[in-house]
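Student: For reference, the file protein-v8.pdb (PDB, C-alpha atoms) is included below:
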```
ATOM      1  CA  MET A   1     129.745  80.110 119.058
ATOM      2  CA  TYR A   2     128.647  83.578 120.217
ATOM      3  CA  GLY A   3     130.768  85.438 117.725
ATOM      4  CA  MET A   4     129.911  83.191 114.803
ATOM      5  CA  TYR A   5     126.177  83.234 115.464
ATOM      6  CA  CYS A   6     125.884  86.957 116.149
ATOM      7  CA  SER A   7     127.886  87.934 113.115
ATOM      8  CA  THR A   8     125.771  85.723 110.890
ATOM      9  CA  ILE A   9     122.555  87.349 112.056
ATOM     10  CA  LEU A  10     124.134  90.739 111.404
ATOM     11  CA  GLY A  11     125.538  89.603 108.098
ATOM     12  CA  PHE A  12     129.307  89.455 108.224
ATOM     13  CA  SER A  13     130.303  85.873 109.048
ATOM     14  CA  HIS A  14     128.981  82.320 108.797
ATOM     15  CA  ASN A  15     128.697  78.861 110.373
ATOM     16  CA  PRO A  16     125.824  79.529 112.837
ATOM     17  CA  ALA A  17     123.751  77.132 114.866
ATOM     18  CA  THR A  18     120.717  75.631 113.161
ATOM     19  CA  VAL A  19     117.250  76.617 114.380
ATOM     20  CA  PHE A  20     113.987  75.431 112.872
ATOM     21  CA  PHE A  21     110.917  77.625 112.427
ATOM     22  CA  ASN A  22     108.258  75.399 113.972
ATOM     23  CA  LYS A  23     110.453  73.348 116.264
ATOM     24  CA  SER A  24     110.825  73.784 119.986
ATOM     25  CA  ILE A  25     113.932  75.724 120.995
ATOM     26  CA  PRO A  26     115.526  74.593 124.274
ATOM     27  CA  TYR A  27     116.866  77.220 126.627
ATOM     28  CA  ALA A  28     119.384  76.461 129.340
ATOM     29  CA  SER A  29     118.352  79.130 131.823
ATOM     30  CA  LYS A  30     116.442  82.318 132.373
ATOM     31  CA  THR A  31     118.027  85.747 132.241
ATOM     32  CA  SER A  32     118.051  88.065 135.228
ATOM     33  CA  THR A  33     117.957  91.833 134.877
ATOM     34  CA  THR A  34     119.642  94.791 136.514
ATOM     35  CA  LYS A  35     117.861  97.651 138.257
ATOM     36  CA  ASN A  36     118.352  99.915 135.271
ATOM     37  CA  GLY A  37     116.470  97.427 133.098
ATOM     38  CA  SER A  38     119.350  95.972 131.090
ATOM     39  CA  PHE A  39     119.950  92.259 130.722
ATOM     40  CA  ARG A  40     122.463  90.722 133.116
ATOM     41  CA  ALA A  41     123.723  87.476 131.704
ATOM     42  CA  LYS A  42     123.932  84.393 133.854
ATOM     43  CA  PRO A  43     126.697  81.898 133.006
ATOM     44  CA  ASN A  44     124.446  79.814 130.764
ATOM     45  CA  ASP A  45     123.238  82.904 128.863
ATOM     46  CA  GLU A  46     126.706  83.241 127.398
ATOM     47  CA  ASN A  47     126.005  79.952 125.617
ATOM     48  CA  ASP A  48     122.626  81.125 124.290
ATOM     49  CA  PRO A  49     123.379  82.280 120.727
ATOM     50  CA  LEU A  50     119.847  83.618 120.199
ATOM     51  CA  LEU A  51     120.042  85.939 123.191
ATOM     52  CA  GLN A  52     123.574  87.077 122.418
ATOM     53  CA  ALA A  53     122.722  87.796 118.777
ATOM     54  CA  ALA A  54     119.693  89.855 119.827
ATOM     55  CA  ILE A  55     121.754  91.884 122.309
ATOM     56  CA  ASN A  56     124.477  92.443 119.741
ATOM     57  CA  ALA A  57     121.946  93.723 117.207
ATOM     58  CA  ALA A  58     120.416  96.037 119.819
ATOM     59  CA  SER A  59     123.879  97.418 120.573
ATOM     60  CA  LEU A  60     124.334  98.352 116.916
ATOM     61  CA  ARG A  61     120.997 100.169 116.899
ATOM     62  CA  LEU A  62     121.985 102.005 120.063
ATOM     63  CA  GLN A  63     125.323 103.067 118.597
ATOM     64  CA  GLU A  64     123.595 104.313 115.465
ATOM     65  CA  THR A  65     121.047 106.255 117.517
ATOM     66  CA  LEU A  66     123.890 108.074 119.284
ATOM     67  CA  GLN A  67     125.456 109.231 116.007
ATOM     68  CA  PRO A  68     125.181 112.940 115.054
ATOM     69  CA  GLU A  69     123.081 112.068 111.979
ATOM     70  CA  PRO A  70     121.658 108.565 112.541
ATOM     71  CA  LEU A  71     119.885 106.557 109.882
ATOM     72  CA  PHE A  72     117.132 105.905 112.396
ATOM     73  CA  HIS A  73     116.365 106.562 116.045
ATOM     74  CA  ASP A  74     115.862 103.679 118.477
ATOM     75  CA  PRO A  75     115.298 105.185 121.925
ATOM     76  CA  TYR A  76     114.723 101.772 123.518
ATOM     77  CA  ALA A  77     117.736  99.754 122.334
ATOM     78  CA  GLY A  78     119.726 100.851 125.355
ATOM     79  CA  CYS A  79     117.455  99.073 127.840
ATOM     80  CA  PHE A  80     118.800  95.736 126.599
ATOM     81  CA  ILE A  81     122.467  96.652 126.997
ATOM     82  CA  SER A  82     124.498  96.071 130.145
ATOM     83  CA  PRO A  83     126.832  98.887 131.273
ATOM     84  CA  GLN A  84     129.664  96.362 130.933
ATOM     85  CA  PHE A  85     128.881  95.667 127.274
ATOM     86  CA  ARG A  86     131.832  96.284 124.969
ATOM     87  CA  PHE A  87     130.770  98.288 121.944
ATOM     88  CA  ASP A  88     132.279  97.739 118.519
ATOM     89  CA  ASP A  89     135.225  99.904 117.606
ATOM     90  CA  LYS A  90     135.063 102.130 114.541
ATOM     91  CA  LYS A  91     136.413  99.472 112.189
ATOM     92  CA  GLN A  92     133.946  96.830 113.376
ATOM     93  CA  ARG A  93     131.077  99.302 113.224
ATOM     94  CA  SER A  94     131.906 100.049 109.608
ATOM     95  CA  SER A  95     131.609  96.356 108.767
ATOM     96  CA  SER A  96     128.092  96.277 110.251
ATOM     97  CA  LEU A  97     126.833  99.279 108.296
ATOM     98  CA  HIS A  98     124.745  97.119 106.008
ATOM     99  CA  TYR A  99     122.814  95.783 109.036
ATOM    100  CA  LEU A 100     121.903  99.362 109.894
ATOM    101  CA  LEU A 101     121.018 100.124 106.276
ATOM    102  CA  THR A 102     118.836  97.028 106.112
ATOM    103  CA  THR A 103     117.063  98.097 109.302
ATOM    104  CA  LYS A 104     116.323 101.520 107.819
ATOM    105  CA  PHE A 105     115.219  99.960 104.521
ATOM    106  CA  ILE A 106     112.723  97.674 106.279
ATOM    107  CA  ASP A 107     111.505 100.521 108.509
ATOM    108  CA  ASP A 108     110.645 102.643 105.491
ATOM    109  CA  LYS A 109     108.889  99.810 103.661
ATOM    110  CA  LEU A 110     106.721  99.013 106.676
ATOM    111  CA  VAL A 111     105.743 102.615 107.336
ATOM    112  CA  GLY A 112     105.048 103.171 103.654
ATOM    113  CA  PHE A 113     102.663 100.214 103.589
ATOM    114  CA  VAL A 114     100.594 101.199 106.617
ATOM    115  CA  ASN A 115     100.325 104.809 105.484
ATOM    116  CA  GLN A 116      98.908 103.688 102.140
ATOM    117  CA  THR A 117      96.437 101.184 103.608
ATOM    118  CA  ASP A 118      92.916 102.137 104.651
ATOM    119  CA  GLY A 119      91.222 100.567 107.653
ATOM    120  CA  LEU A 120      92.888  97.695 109.464
ATOM    121  CA  LYS A 121      96.638  97.347 108.864
ATOM    122  CA  GLN A 122      98.358  94.027 109.545
ATOM    123  CA  VAL A 123     102.120  93.878 110.058
ATOM    124  CA  VAL A 124     103.921  90.612 110.759
ATOM    125  CA  LEU A 125     107.484  90.864 112.074
ATOM    126  CA  LEU A 126     109.736  87.797 112.232
ATOM    127  CA  THR A 127     112.377  88.874 114.727
ATOM    128  CA  ASP A 128     114.980  87.987 117.339
ATOM    129  CA  GLY A 129     112.636  88.979 120.188
ATOM    130  CA  MET A 130     114.191  92.408 120.809
ATOM    131  CA  ASP A 131     112.680  94.219 117.838
ATOM    132  CA  THR A 132     111.569  97.686 118.974
ATOM    133  CA  ARG A 133     109.678  98.599 115.799
ATOM    134  CA  PRO A 134     106.233  98.232 117.443
ATOM    135  CA  TYR A 135     107.229 101.056 119.812
ATOM    136  CA  ARG A 136     109.592 103.276 117.871
ATOM    137  CA  LEU A 137     107.881 103.533 114.467
ATOM    138  CA  ARG A 138     104.937 105.850 113.862
ATOM    139  CA  TRP A 139     102.099 103.428 113.294
ATOM    140  CA  PRO A 140      98.708 104.889 112.364
ATOM    141  CA  THR A 141      95.557 103.964 114.252
ATOM    142  CA  LEU A 142      94.194 100.459 113.567
ATOM    143  CA  THR A 143      97.615  98.910 113.007
ATOM    144  CA  ARG A 144      97.762  95.338 114.258
ATOM    145  CA  ILE A 145     101.315  94.048 114.733
ATOM    146  CA  PHE A 146     102.295  90.409 115.151
ATOM    147  CA  ASP A 147     105.801  89.539 116.370
ATOM    148  CA  ILE A 148     107.064  86.002 115.715
ATOM    149  CA  SER A 149     110.151  85.379 117.826
ATOM    150  CA  PRO A 150     111.720  83.221 120.582
ATOM    151  CA  ASP A 151     109.295  83.313 123.512
ATOM    152  CA  ARG A 152     111.749  83.772 126.392
ATOM    153  CA  ILE A 153     113.626  86.616 124.745
ATOM    154  CA  PHE A 154     110.453  88.432 123.706
ATOM    155  CA  LYS A 155     108.851  88.243 127.155
ATOM    156  CA  GLU A 156     111.898  89.567 128.974
ATOM    157  CA  ALA A 157     112.483  92.227 126.327
ATOM    158  CA  THR A 158     108.857  93.369 126.654
ATOM    159  CA  GLU A 159     109.247  93.640 130.414
ATOM    160  CA  LYS A 160     112.301  95.865 129.980
ATOM    161  CA  LEU A 161     110.638  97.972 127.282
ATOM    162  CA  GLN A 162     107.568  98.631 129.395
ATOM    163  CA  GLY A 163     109.766  99.308 132.405
ATOM    164  CA  ASN A 164     111.465 102.035 130.389
ATOM    165  CA  GLY A 165     108.218 103.666 129.327
ATOM    166  CA  ALA A 166     107.783 102.127 125.876
ATOM    167  CA  LYS A 167     104.180 102.317 124.704
ATOM    168  CA  LEU A 168     102.394 101.392 121.505
ATOM    169  CA  PRO A 169     100.900 104.244 119.477
ATOM    170  CA  LYS A 170      97.259 104.947 120.276
ATOM    171  CA  GLY A 171      94.815 102.569 118.638
ATOM    172  CA  CYS A 172      97.468  99.945 117.807
ATOM    173  CA  LEU A 173      97.710  96.344 118.968
ATOM    174  CA  LEU A 174     100.703  94.017 119.428
ATOM    175  CA  ARG A 175     100.425  90.237 119.578
ATOM    176  CA  HIS A 176     103.330  87.869 120.182
ATOM    177  CA  ILE A 177     103.488  84.520 118.395
ATOM    178  CA  PRO A 178     106.087  82.268 120.069
ATOM    179  CA  LEU A 179     108.580  80.815 117.630
ATOM    180  CA  GLU A 180     108.154  77.560 119.523
ATOM    181  CA  SER A 181     104.436  77.298 118.590
ATOM    182  CA  SER A 182     103.613  73.947 117.039
ATOM    183  CA  ASN A 183     101.616  75.625 114.246
ATOM    184  CA  ILE A 184     102.490  79.255 113.506
ATOM    185  CA  GLN A 185      99.692  79.681 110.964
ATOM    186  CA  GLN A 186      96.964  78.481 113.321
ATOM    187  CA  THR A 187      98.361  80.558 116.189
ATOM    188  CA  LEU A 188      98.385  83.713 114.075
ATOM    189  CA  SER A 189      94.784  83.160 113.015
ATOM    190  CA  ALA A 190      93.704  82.429 116.584
ATOM    191  CA  ASP A 191      95.337  85.689 117.710
ATOM    192  CA  GLY A 192      93.352  87.758 115.235
ATOM    193  CA  PHE A 193      95.241  87.708 111.965
ATOM    194  CA  ASN A 194      92.763  88.079 109.097
ATOM    195  CA  GLY A 195      93.729  86.203 105.953
ATOM    196  CA  ASN A 196      91.148  88.152 103.956
ATOM    197  CA  ARG A 197      92.843  91.505 104.548
ATOM    198  CA  SER A 198      96.114  92.857 103.223
ATOM    199  CA  SER A 199      99.294  92.550 105.259
ATOM    200  CA  ILE A 200     103.030  93.082 105.069
ATOM    201  CA  TRP A 201     105.620  90.634 106.371
ATOM    202  CA  ALA A 202     109.207  91.433 107.322
ATOM    203  CA  ILE A 203     111.990  89.155 108.525
ATOM    204  CA  GLN A 204     115.108  90.426 110.299
ATOM    205  CA  GLY A 205     116.811  88.646 113.161
ATOM    206  CA  LEU A 206     114.662  85.504 113.224
ATOM    207  CA  PRO A 207     117.091  82.580 113.653
ATOM    208  CA  VAL A 208     116.584  80.787 110.341
ATOM    209  CA  MET A 209     119.692  78.947 109.192
ATOM    210  CA  THR A 210     118.555  76.163 106.863
ATOM    211  CA  LEU A 211     116.721  76.050 103.557
ATOM    212  CA  SER A 212     114.031  73.754 104.957
ATOM    213  CA  SER A 213     113.278  76.098 107.869
ATOM    214  CA  PHE A 214     112.968  79.070 105.526
ATOM    215  CA  GLU A 215     110.657  77.069 103.267
ATOM    216  CA  GLU A 216     108.399  76.536 106.289
ATOM    217  CA  ILE A 217     108.211  80.294 106.652
ATOM    218  CA  LEU A 218     107.377  80.759 102.982
ATOM    219  CA  ILE A 219     104.598  78.176 103.226
ATOM    220  CA  THR A 220     103.150  79.959 106.252
ATOM    221  CA  VAL A 221     103.285  83.405 104.627
ATOM    222  CA  SER A 222     101.839  82.038 101.388
ATOM    223  CA  GLY A 223      98.886  80.549 103.263
ATOM    224  CA  LEU A 224      98.048  83.746 105.147
ATOM    225  CA  ALA A 225      99.024  86.686 102.917
ATOM    226  CA  THR A 226      96.470  87.906 100.407
ATOM    227  CA  LYS A 227      97.360  88.284  96.752
ATOM    228  CA  GLY A 228      99.624  91.268  96.159
ATOM    229  CA  CYS A 229     100.991  91.422  99.701
ATOM    230  CA  SER A 230     104.704  92.002 100.292
ATOM    231  CA  PHE A 231     107.221  89.846 102.127
ATOM    232  CA  LEU A 232     110.608  91.471 102.607
ATOM    233  CA  GLY A 233     113.673  91.230 104.734
ATOM    234  CA  VAL A 234     117.073  89.673 105.104
ATOM    235  CA  LEU A 235     118.353  86.143 105.541
ATOM    236  CA  PRO A 236     121.781  84.501 105.643
ATOM    237  CA  ALA A 237     123.146  83.934 102.152
ATOM    238  CA  GLN A 238     124.215  80.422 103.110
ATOM    239  CA  VAL A 239     120.526  79.436 103.254
ATOM    240  CA  VAL A 240     120.164  79.828  99.495
ATOM    241  CA  GLU A 241     123.651  79.930  97.984
ATOM    242  CA  THR A 242     125.051  76.958  96.109
ATOM    243  CA  ASN A 243     128.419  78.438  95.204
ATOM    244  CA  ILE A 244     129.977  80.742  97.791
ATOM    245  CA  GLY A 245     129.981  84.316  96.534
ATOM    246  CA  ASP A 246     128.223  83.482  93.253
ATOM    247  CA  GLU A 247     125.487  86.131  93.022
ATOM    248  CA  SER A 248     123.903  84.613  89.927
ATOM    249  CA  SER A 249     123.480  81.225  91.601
ATOM    250  CA  ILE A 250     121.947  82.868  94.664
ATOM    251  CA  ARG A 251     119.503  84.838  92.516
ATOM    252  CA  GLU A 252     118.530  81.755  90.532
ATOM    253  CA  ARG A 253     117.912  79.703  93.652
ATOM    254  CA  MET A 254     115.995  82.535  95.326
ATOM    255  CA  GLU A 255     113.715  82.945  92.326
ATOM    256  CA  LYS A 256     113.039  79.225  92.134
ATOM    257  CA  LEU A 257     112.439  78.914  95.866
ATOM    258  CA  PHE A 258     110.030  81.840  96.069
ATOM    259  CA  LEU A 259     108.178  81.077  92.847
ATOM    260  CA  SER A 260     107.534  77.484  93.952
ATOM    261  CA  ASN A 261     105.754  78.951  96.976
ATOM    262  CA  GLY A 262     103.763  81.545  95.062
ATOM    263  CA  PHE A 263     106.026  84.613  95.251
ATOM    264  CA  ARG A 264     107.812  86.811  92.745
ATOM    265  CA  VAL A 265     111.046  87.949  94.380
ATOM    266  CA  GLU A 266     113.588  90.678  93.744
ATOM    267  CA  MET A 267     117.028  90.714  95.322
ATOM    268  CA  ILE A 268     118.043  94.149  96.542
ATOM    269  CA  LYS A 269     121.688  95.182  96.297
ATOM    270  CA  HIS A 270     123.251  96.523  99.470
ATOM    271  CA  GLU A 271     125.112  99.107  97.414
ATOM    272  CA  ASP A 272     121.835 100.496  96.037
ATOM    273  CA  VAL A 273     120.295 100.725  99.494
ATOM    274  CA  ALA A 274     123.388 102.512 100.800
ATOM    275  CA  LYS A 275     123.318 104.968  97.909
ATOM    276  CA  SER A 276     119.628 105.747  98.481
ATOM    277  CA  PHE A 277     120.497 106.833 102.045
ATOM    278  CA  GLY A 278     123.618 108.736 101.060
ATOM    279  CA  LYS A 279     126.024 106.090 102.369
ATOM    280  CA  LEU A 280     128.836 104.046 100.872
ATOM    281  CA  VAL A 281     129.539 100.368 101.560
ATOM    282  CA  ALA A 282     132.667  98.499 100.592
ATOM    283  CA  PRO A 283     132.178  96.194  97.590
ATOM    284  CA  GLY A 284     132.293  92.498  98.265
ATOM    285  CA  ASN A 285     130.279  89.374  98.863
ATOM    286  CA  TYR A 286     127.870  89.986 101.706
ATOM    287  CA  LYS A 287     126.779  87.222 104.030
ATOM    288  CA  THR A 288     123.133  88.237 103.883
ATOM    289  CA  VAL A 289     120.537  88.482 101.128
ATOM    290  CA  LEU A 290     118.112  91.405 101.120
ATOM    291  CA  PHE A 291     114.880  90.764  99.241
ATOM    292  CA  VAL A 292     111.386  92.045  98.476
ATOM    293  CA  ALA A 293     108.759  89.531  97.324
ATOM    294  CA  GLU A 294     105.168  89.808  96.114
ATOM    295  CA  GLN A 295     102.487  87.220  96.826
ATOM    296  CA  LEU A 296     101.029  85.906  93.555
ATOM    297  CA  ARG A 297      98.490  83.517  95.043
ATOM    298  CA  PHE A 298      95.296  83.970  97.012
ATOM    299  CA  SER A 299      95.469  83.269 100.730
ATOM    300  CA  ASP A 300      93.804  80.199 102.237
ATOM    301  CA  ASP A 301      91.118  82.435 103.760
ATOM    302  CA  GLN A 302      90.443  84.101 100.415
ATOM    303  CA  MET A 303      90.066  80.727  98.736
ATOM    304  CA  GLU A 304      87.728  79.517 101.494
ATOM    305  CA  THR A 305      85.622  82.682 101.257
ATOM    306  CA  TRP A 306      85.214  82.235  97.526
ATOM    307  CA  ARG A 307      84.450  78.536  97.850
ATOM    308  CA  SER A 308      81.719  79.356 100.332
ATOM    309  CA  GLU A 309      80.319  82.044  98.048
ATOM    310  CA  PHE A 310      80.343  79.766  95.007
ATOM    311  CA  GLN A 311      78.637  77.064  97.039
ATOM    312  CA  ARG A 312      75.972  79.526  98.194
ATOM    313  CA  LEU A 313      75.301  80.706  94.652
ATOM    314  CA  ASP A 314      75.170  77.130  93.434
ATOM    315  CA  GLU A 315      72.666  76.179  96.128
ATOM    316  CA  GLU A 316      70.523  79.232  95.347
ATOM    317  CA  GLY A 317      70.538  78.234  91.685
ATOM    318  CA  ASP A 318      69.382  74.723  92.567
ATOM    319  CA  GLU A 319      66.561  76.118  94.710
ATOM    320  CA  GLU A 320      65.367  78.419  91.916
ATOM    321  CA  GLY A 321      65.394  75.517  89.483
ATOM    322  CA  PHE A 322      63.379  73.365  91.898
ATOM    323  CA  GLU A 323      60.774  76.129  92.354
ATOM    324  CA  GLU A 324      60.323  76.410  88.591
ATOM    325  CA  LEU A 325      59.532  72.712  88.443
TER     326      LEU A 325
END
```
Please lay out the structure from this file as structure tokens.
Tutor:
Amino acid sequence: MYGMYCSTILGFSHNPATVFFNKSIPYASKTSTTKNGSFRAKPNDENDPLLQAAINAASLRLQETLQPEPLFHDPYAGCFISPQFRFDDKKQRSSSLHYLLTTKFIDDKLVGFVNQTDGLKQVVLLTDGMDTRPYRLRWPTLTRIFDISPDRIFKEATEKLQGNGAKLPKGCLLRHIPLESSNIQQTLSADGFNGNRSSIWAIQGLPVMTLSSFEEILITVSGLATKGCSFLGVLPAQVVETNIGDESSIRERMEKLFLSNGFRVEMIKHEDVAKSFGKLVAPGNYKTVLFVAEQLRFSDDQMETWRSEFQRLDEEGDEEGFEEL
């Protein structure tokens, strides 16, 4: 199970466990930690595919950071890795290059958005719980970050990050939204998300393995993101593919799925991303789909604001008419 699940999250295998977006996720045990801050797995943790996938992804970021010319620098990935962890050999690392490229691609999109946005910036990350972006990226002042991820993994990861000196940039705020929350949209709003202001949403690592669970995410994003906002990221191809390896069928289903929820979507080719960063990836059918989507609808808060304004104007018009009588 560990190998199948981890490799699906990273994009080079299939047949993972199914996890739903708004459903409760049972955990068998809690994870203890070593003195140096890394995770020390208890016996039951070996059967926790979410935890193992998150650790595996962190190990790839650590290996990339240690390269002479890394695509990105993650100074905190190492705090999640046990000294006994077996790193991928060169051949295996090559097969995971597109995970690293996707990480860099999402990094750049997020930073580009906040640097072009005045005032309050809202960033929503749908992650595996060990995403270090809130700490390692250069967020400008007034950036509000929301991390949606498995609660247990996020809490223990945060403890290790803070224990290793990780701090948010000055003037920034991080809020965690447990994946197990009964209503993600309400929880986000209660924690300060403003559906009348622009935002950017990115998904990488969140355990979404079925079409219905991903549709729940789309519905949530559609209800909160203002018109013109971006939703980007990566998801397992098996969520949307009808014929294995048929790119045209995947694109058609993606476009239909996103458009029905108010988004215009573009599939991004891994080869193009690799080329933009001066890398080469072997041709073939990847197990993940990289996408960038644009919100075409108004958010629920925008619609409510306008309804209230129209009602106010209508009432003022009625009062003026009454006074004339």
Student: For the structure shown, which residues end up in the PyMOL selection byres ((chain A and resi 258-273) around 9)? Put them as a PyMOL selection string, please?
Tutor: chain A and resi 98+101-102+105+215+218-219+222+231-232+251+253-257+274-283+286+289-297
Student: With C-alpha atoms retained, export the selected residues as a short mmCIF file (atom, residue, chain, number, x, y, z; two decimals), in the coordinates of the input.
Tutor:
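This went into again_7.cif:
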```
data_model
loop_
_atom_site.label_atom_id
_atom_site.label_comp_id
_atom_site.auth_asym_id
_atom_site.auth_seq_id
_atom_site.Cartn_x
_atom_site.Cartn_y
_atom_site.Cartn_z
CA HIS A 98 124.74 97.12 106.01
CA LEU A 101 121.02 100.12 106.28
CA THR A 102 118.84 97.03 106.11
CA PHE A 105 115.22 99.96 104.52
CA GLU A 215 110.66 77.07 103.27
CA LEU A 218 107.38 80.76 102.98
CA ILE A 219 104.60 78.18 103.23
CA SER A 222 101.84 82.04 101.39
CA PHE A 231 107.22 89.85 102.13
CA LEU A 232 110.61 91.47 102.61
CA ARG A 251 119.50 84.84 92.52
CA ARG A 253 117.91 79.70 93.65
CA MET A 254 116.00 82.54 95.33
CA GLU A 255 113.72 82.94 92.33
CA LYS A 256 113.04 79.22 92.13
CA LEU A 257 112.44 78.91 95.87
CA ALA A 274 123.39 102.51 100.80
CA LYS A 275 123.32 104.97 97.91
CA SER A 276 119.63 105.75 98.48
CA PHE A 277 120.50 106.83 102.04
CA GLY A 278 123.62 108.74 101.06
CA LYS A 279 126.02 106.09 102.37
CA LEU A 280 128.84 104.05 100.87
CA VAL A 281 129.54 100.37 101.56
CA ALA A 282 132.67 98.50 100.59
CA PRO A 283 132.18 96.19 97.59
CA TYR A 286 127.87 89.99 101.71
CA VAL A 289 120.54 88.48 101.13
CA LEU A 290 118.11 91.40 101.12
CA PHE A 291 114.88 90.76 99.24
CA VAL A 292 111.39 92.04 98.48
CA ALA A 293 108.76 89.53 97.32
CA GLU A 294 105.17 89.81 96.11
CA GLN A 295 102.49 87.22 96.83
CA LEU A 296 101.03 85.91 93.56
CA ARG A 297 98.49 83.52 95.04
#
```
Student: Counting all atoms listed in the file, figure out which residue out of A:Gln311, A:Ser199, A:Ser213, A:Gln52 gets nearest to Gly129 of chain A.
Tutor: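 Checking each candidate against Gly129 of chain A, we get A:Gln52 as the closest.
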Student: Suppose you want the space between atom CA of Ile177 of chain A and atom CA of Ala190 of chain A; what is it in Å?
Tutor: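 Result for atom CA of Ile177 of chain A versus atom CA of Ala190 of chain A: 10.2 Å, one decimal.
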Student: Check which residues of segment 151-184 of chain A sit at most 10 Å from segment 113-127 of chain A using only C-alpha atoms, and return one row each with the closest pair of atoms and their distance in Å to one decimal, ordered by chain and rising number, as a tab-separated table.
Tutor:
```
residue	atom	partner	partner_atom	distance
A:Phe154	CA	A:Thr127	CA	9.2
A:Cys172	CA	A:Lys121	CA	9.3
A:Leu173	CA	A:Gln122	CA	9.7
A:Leu174	CA	A:Val123	CA	9.5
A:Arg175	CA	A:Val124	CA	9.5
A:His176	CA	A:Leu125	CA	9.6
A:Ile177	CA	A:Leu126	CA	9.4
A:Leu179	CA	A:Leu126	CA	8.9
```
Student: Which residue is closest to Ala58 of chain A? Choose from A:Ile250, A:Leu71, A:Leu142, A:Ala157 and count all atoms listed in the file.
Tutor: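 Smallest separation from Ala58 of chain A among the options: A:Ala157.
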Student: Hey, what's within 9 Å of Leu137 of chain A if we count only C-alpha atoms and toss same-chain stuff fewer than 3 positions away? As a ChimeraX atom specification, please?
Tutor: /A:74,107,111,132-134,169
